[in-house]
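Heads up, the thing below is written out as structure tokens.
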Amino acid sequence: MKKIFGLGFAAVLLTLGLAGCGRPSLSVNHHQLQPDGLGAVIKGQSRHQTIDYRIDNGKKRTEKTHNGSFALTIPSKATNQKVVLSADDTHQTVKIEKADPLITYSSLQSTYNQAITATALSKADQKKAMVLQKQGAKLKQQQQAIEKAVAAAKKKLASGDTSAAGDLKTQAAKGNALKAQAANLQATSTEVTQAMKKAKNRVKDQLLPTQSPNGIHNLIETKDVTIRTNTDQNQVVGIALMVPVSAMKNKTDAKKFAISFSVLANSTGADAKKLMKDFKKQTKSSKTSKTTNKALRSDGVDFRIGYSTTTLYIYITKQ
């Protein structure tokens, strides 16, 4: 009886051993990948419970396998990457191509926050801000013109052309008038600055932080909008905008999404108006049960749209 039990137990061990041998020690599906969305996914197989990997000879990391397979997400970067995977004495190398940066994070943060803050201003303050911007730009142009004319008049005087003295007198008068206009504009500037501070405080949870750590991180998380970025040394190589699918059916929530979408599009150099028009056409002709949709493109920037049962995803990358 003991002999029979021993033979049976050995058979079980042999069966398990053969089953394990059916899986490779370590293999990968592809040895070269292009980033997709915010990163690249390395897929492979191993009979081991875990595999190790290093990115560009960096710190060793560990990934678990599930039923003999693994899927490893590597954040894309603005440079090529080499990932070396290992299990026991078996090694596999995967090269990940670089992603083109969309914008520097500091520029994105400044542009996005200014635009979001401006939307929180009252209509009256928005009008004042627009007038201030236009008048400020006009005054700057006039100042540059006066400085150029003064420089030309001084050059003439230096060469002995005394008629230029009248030109200097004319430009001095224009300069004094310009100073008076600038003083009047300063009062409006103070009002707008105070209004902007109050508006910024109202939307502080909707603003991007001053700095973004390297890698993939959620930088804004509200009940209405989530913004996730992939940053590499101040270079933004990917952005994901996520909103609840239910927001598309609510006028107020849909407006918040449209604002974030448009500001992100404009910040990356794309045409927000065109993209929003194309997006509306696509959502009208598509069912939200679809996991992916055709990418929208504008000025070299891709906007890839996808859905889960609860969330709308828009991945923004440079092509």
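Chain identifiers are assigned as A, B, and so on, following the order in which chains appear in the structure tokens; residues are numbered from 1 within each chain, and ligands are numbered from 1 in order of appearance.
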
Mind dumping a table of every stretch 174-252 of chain A residue within 9 Å of stretch 96-100 of chain A, with the nearest atom pair and its distance in Å to one decimal, using only C-alpha atoms, sorted by chain and rising number, as a Markdown table?
```
| residue | atom | partner | partner_atom | distance |
| --- | --- | --- | --- | --- |
| A:Val236 | CA | A:Asp100 | CA | 8.9 |
| A:Val237 | CA | A:Ala99 | CA | 6.2 |
| A:Gly238 | CA | A:Ala99 | CA | 8.4 |
```

Worksheet entry | Residues within 7 Å of A:Gln235, only C-alpha atoms, excluding chain neighbours under 6 positions, as a list in words | Pro101, Ile103, Thr104 and Tyr105 of chain A

May I have all residues of stretch 220-303 of chain A that DSSP, computed from the backbone, assigns to strand (DSSP E), given as a compact mmCIF listing (two decimals) with N, CA, C and O atoms, in the first residue's frame?
```txt
# COMPACT_ATOMS: atom_id res chain seq x y z
N ILE A 220 -4.51 66.42 -10.74
CA ILE A 220 -5.80 67.03 -10.35
C ILE A 220 -6.80 65.90 -10.20
O ILE A 220 -6.96 65.09 -11.11
N GLU A 221 -7.46 65.84 -9.07
CA GLU A 221 -8.49 64.82 -8.83
C GLU A 221 -9.69 65.46 -8.15
O GLU A 221 -9.65 65.76 -6.96
N THR A 226 -10.31 64.43 -13.67
CA THR A 226 -9.00 63.95 -13.22
C THR A 226 -8.01 64.21 -14.36
O THR A 226 -8.28 63.86 -15.51
N ILE A 227 -6.87 64.81 -14.02
CA ILE A 227 -5.82 65.03 -15.01
C ILE A 227 -4.57 64.29 -14.55
O ILE A 227 -4.06 64.52 -13.45
N ARG A 228 -4.10 63.40 -15.40
CA ARG A 228 -2.92 62.58 -15.12
C ARG A 228 -1.85 62.94 -16.14
O ARG A 228 -2.14 63.05 -17.34
N THR A 229 -0.63 63.15 -15.69
CA THR A 229 0.45 63.49 -16.61
C THR A 229 1.60 62.49 -16.49
O THR A 229 1.79 61.87 -15.45
N ASN A 230 2.34 62.35 -17.57
CA ASN A 230 3.60 61.62 -17.56
C ASN A 230 4.69 62.64 -17.85
O ASN A 230 4.76 63.18 -18.96
N THR A 231 5.49 62.94 -16.85
CA THR A 231 6.50 63.99 -16.96
C THR A 231 7.90 63.38 -16.89
O THR A 231 8.16 62.49 -16.08
N ASP A 232 8.79 63.87 -17.74
CA ASP A 232 10.17 63.41 -17.76
C ASP A 232 11.08 64.64 -17.74
O ASP A 232 11.25 65.32 -18.76
N GLN A 235 9.60 67.76 -18.96
CA GLN A 235 9.00 67.60 -20.28
C GLN A 235 7.75 66.73 -20.13
O GLN A 235 7.83 65.60 -19.66
N VAL A 236 6.60 67.27 -20.53
CA VAL A 236 5.36 66.50 -20.48
C VAL A 236 5.27 65.67 -21.76
O VAL A 236 5.16 66.22 -22.86
N VAL A 237 5.33 64.34 -21.62
CA VAL A 237 5.29 63.46 -22.79
C VAL A 237 3.93 62.79 -22.97
O VAL A 237 3.71 62.08 -23.95
N GLY A 238 3.02 63.03 -22.05
CA GLY A 238 1.68 62.48 -22.19
C GLY A 238 0.74 63.03 -21.14
O GLY A 238 1.15 63.31 -20.01
N ILE A 239 -0.51 63.23 -21.53
CA ILE A 239 -1.55 63.72 -20.61
C ILE A 239 -2.78 62.85 -20.77
O ILE A 239 -3.14 62.47 -21.88
N ALA A 240 -3.42 62.52 -19.65
CA ALA A 240 -4.69 61.81 -19.70
C ALA A 240 -5.74 62.64 -18.97
O ALA A 240 -5.53 63.07 -17.83
N LEU A 241 -6.83 62.91 -19.66
CA LEU A 241 -7.97 63.63 -19.07
C LEU A 241 -9.09 62.62 -18.86
O LEU A 241 -9.49 61.93 -19.80
N MET A 242 -9.59 62.51 -17.64
CA MET A 242 -10.62 61.52 -17.31
C MET A 242 -11.82 62.19 -16.67
O MET A 242 -11.65 63.00 -15.74
N VAL A 243 -12.99 61.88 -17.16
CA VAL A 243 -14.23 62.42 -16.59
C VAL A 243 -15.26 61.30 -16.53
O VAL A 243 -15.21 60.36 -17.33
N PRO A 244 -16.20 61.37 -15.59
CA PRO A 244 -17.27 60.37 -15.55
C PRO A 244 -18.11 60.42 -16.83
O PRO A 244 -18.38 61.50 -17.35
N LEU A 296 -8.38 61.70 -32.57
CA LEU A 296 -8.54 63.03 -33.15
C LEU A 296 -7.14 63.64 -33.24
O LEU A 296 -6.32 63.47 -32.34
N ARG A 297 -6.88 64.38 -34.32
CA ARG A 297 -5.55 64.96 -34.50
C ARG A 297 -5.63 66.44 -34.84
O ARG A 297 -6.53 66.87 -35.54
N SER A 298 -4.68 67.19 -34.32
CA SER A 298 -4.60 68.62 -34.62
C SER A 298 -3.17 69.09 -34.42
O SER A 298 -2.60 68.93 -33.34
N VAL A 301 -0.69 66.79 -32.74
CA VAL A 301 -1.05 66.27 -31.43
C VAL A 301 -2.21 65.29 -31.57
O VAL A 301 -3.19 65.58 -32.25
N ASP A 302 -2.07 64.12 -30.92
CA ASP A 302 -3.11 63.08 -30.96
C ASP A 302 -3.97 63.12 -29.71
O ASP A 302 -3.45 63.26 -28.59
N PHE A 303 -5.28 62.99 -29.92
CA PHE A 303 -6.23 62.91 -28.81
C PHE A 303 -6.98 61.59 -28.98
O PHE A 303 -7.91 61.49 -29.76
```

Item to complete: For stretch 116-130 of chain A, work out the shell of residues within 7 Å, counting only C-alpha atoms and skipping chain neighbours fewer than 5 positions away, then give it as a PyMOL selection string.
Response: chain A and resi 192+195-196+199-200+203

Emit the selected residues as a compact mmCIF listing (two decimals), in the first residue's frame, including all heavy atoms.
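Okay, selection_33.txt is ready:
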```
# COMPACT_ATOMS: atom_id res chain seq x y z
N VAL A 192 -8.12 94.03 -11.43
CA VAL A 192 -8.09 92.71 -12.05
C VAL A 192 -7.24 91.74 -11.23
O VAL A 192 -7.60 90.57 -11.05
CB VAL A 192 -7.57 92.79 -13.50
CG1 VAL A 192 -7.33 91.41 -14.07
CG2 VAL A 192 -8.55 93.57 -14.36
N ALA A 195 -9.19 90.59 -8.26
CA ALA A 195 -10.25 89.68 -8.70
C ALA A 195 -9.67 88.31 -9.04
O ALA A 195 -10.27 87.27 -8.74
CB ALA A 195 -10.99 90.26 -9.90
N MET A 196 -8.49 88.29 -9.67
CA MET A 196 -7.82 87.03 -10.03
C MET A 196 -7.43 86.24 -8.79
O MET A 196 -7.53 85.00 -8.77
CB MET A 196 -6.58 87.32 -10.88
CG MET A 196 -6.87 87.75 -12.30
SD MET A 196 -7.48 86.42 -13.37
CE MET A 196 -5.97 85.54 -13.71
N ALA A 199 -10.56 84.62 -7.51
CA ALA A 199 -10.97 83.55 -8.41
C ALA A 199 -10.06 82.33 -8.25
O ALA A 199 -10.53 81.19 -8.26
CB ALA A 199 -10.92 84.05 -9.86
N LYS A 200 -8.76 82.57 -8.10
CA LYS A 200 -7.81 81.48 -7.92
C LYS A 200 -8.10 80.69 -6.67
O LYS A 200 -7.98 79.46 -6.65
CB LYS A 200 -6.38 82.05 -7.87
CG LYS A 200 -5.29 81.00 -7.88
CD LYS A 200 -3.92 81.66 -7.95
CE LYS A 200 -2.83 80.60 -8.01
NZ LYS A 200 -1.47 81.22 -8.10
N VAL A 203 -10.99 78.21 -7.24
CA VAL A 203 -10.74 77.02 -8.08
C VAL A 203 -9.41 76.35 -7.71
O VAL A 203 -8.84 75.61 -8.52
CB VAL A 203 -10.73 77.40 -9.57
CG1 VAL A 203 -12.09 77.90 -10.01
CG2 VAL A 203 -9.65 78.45 -9.87
```

Practice prompt. Please identify all polymer residues within 9 Å of stretch 271-285 of chain A, counting only C-alpha atoms, omitting same-chain residues fewer than 3 positions from it, and present them as a list in words.
Written response: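 With the cut-off at 9 Å, the set is Ala258, Phe261, Ser262, Val263, Leu264, Ala265, Asn266, Thr288, Asn293, Lys294, Leu296, Arg297, Ser298, Asp299, Phe303 and Ile305 of chain A.
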
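Proximity ranking of A:Gln81, A:Arg61, A:Gln206, A:Phe70 relative to A:Pro35 places A:Gln81 first, based on only C-alpha atoms.
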
Item to complete: Record the distance separating atom CA of A:Ala164 and atom CA of A:Ile146, expressed in Å with one decimal.
Response: 13.9 Å

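Closest approach to A:Ala78 from the set A:Leu38, A:Ala137, A:Ala152, A:Leu207 is made by A:Leu38, with distances taken over only C-alpha atoms.
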
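Between atom CA of A:Tyr112 and atom CA of A:Asp205 there is a distance of 13.0 Å.
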
Worksheet item: So, counting only C-alpha atoms, which residue among A:Leu33, A:Leu168, A:Ile74, A:Val28 is closest to A:Lys148?
Response: A:Leu168

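Neighbouring residues of A:Ala172 at 10 Å or closer, counting only C-alpha atoms and skipping chain neighbours under 5 positions away, are A:Ile146, A:Glu147, A:Val150, A:Gly166, A:Asp167, A:Ala177, A:Leu178.
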
What does the file look like for those residues with N, CA and C atoms, as a PDB file, in the first residue's frame?
```pdb
ATOM      1  N   ILE A 146       8.156 104.756 -29.742  1.00  0.00           N
ATOM      2  CA  ILE A 146       8.760 105.997 -29.229  1.00  0.00           C
ATOM      3  C   ILE A 146      10.259 105.803 -29.004  1.00  0.00           C
ATOM      4  N   GLU A 147      10.635 104.688 -28.401  1.00  0.00           N
ATOM      5  CA  GLU A 147      12.047 104.407 -28.132  1.00  0.00           C
ATOM      6  C   GLU A 147      12.842 104.334 -29.435  1.00  0.00           C
ATOM      7  N   VAL A 150      13.186 107.931 -30.814  1.00  0.00           N
ATOM      8  CA  VAL A 150      14.152 108.708 -30.017  1.00  0.00           C
ATOM      9  C   VAL A 150      15.573 108.310 -30.389  1.00  0.00           C
ATOM     10  N   GLY A 166      13.602 118.811 -32.898  1.00  0.00           N
ATOM     11  CA  GLY A 166      12.139 118.884 -32.894  1.00  0.00           C
ATOM     12  C   GLY A 166      11.523 117.508 -32.747  1.00  0.00           C
ATOM     13  N   ASP A 167      12.157 116.527 -33.367  1.00  0.00           N
ATOM     14  CA  ASP A 167      11.657 115.151 -33.253  1.00  0.00           C
ATOM     15  C   ASP A 167      11.731 114.660 -31.811  1.00  0.00           C
ATOM     16  N   ALA A 177       2.444 111.513 -22.476  1.00  0.00           N
ATOM     17  CA  ALA A 177       1.046 111.100 -22.664  1.00  0.00           C
ATOM     18  C   ALA A 177       0.906 109.600 -22.406  1.00  0.00           C
ATOM     19  N   LEU A 178       1.918 108.837 -22.813  1.00  0.00           N
ATOM     20  CA  LEU A 178       1.902 107.390 -22.613  1.00  0.00           C
ATOM     21  C   LEU A 178       1.973 107.049 -21.126  1.00  0.00           C
TER      22      LEU A 178
END
```

Practice prompt. Name the residues of stretch 83-238 of chain A that come out as alpha helix (DSSP H) in a backbone DSSP run; write them as a count of residues only.
Written response: 90

Worksheet item: Taking into account only C-alpha atoms, which residue in the set A:Asp36, A:Pro24, A:His31, A:Lys249 is nearest to A:Ser69?
Response: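 Among the listed residues, A:Pro24 lies closest to A:Ser69.
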
Practice prompt. Report the distance between atom CA of A:Arg47 and atom CA of A:Lys64 in Å, rounded to one decimal place.
Written response: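 Those two atoms sit 10.9 Å apart.
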
Worksheet, complete the sentence: Among A:Leu208, A:Asn250, A:Gly300, A:Lys256, A:Thr111 is approached most closely, using only C-alpha atoms, by A:Leu208
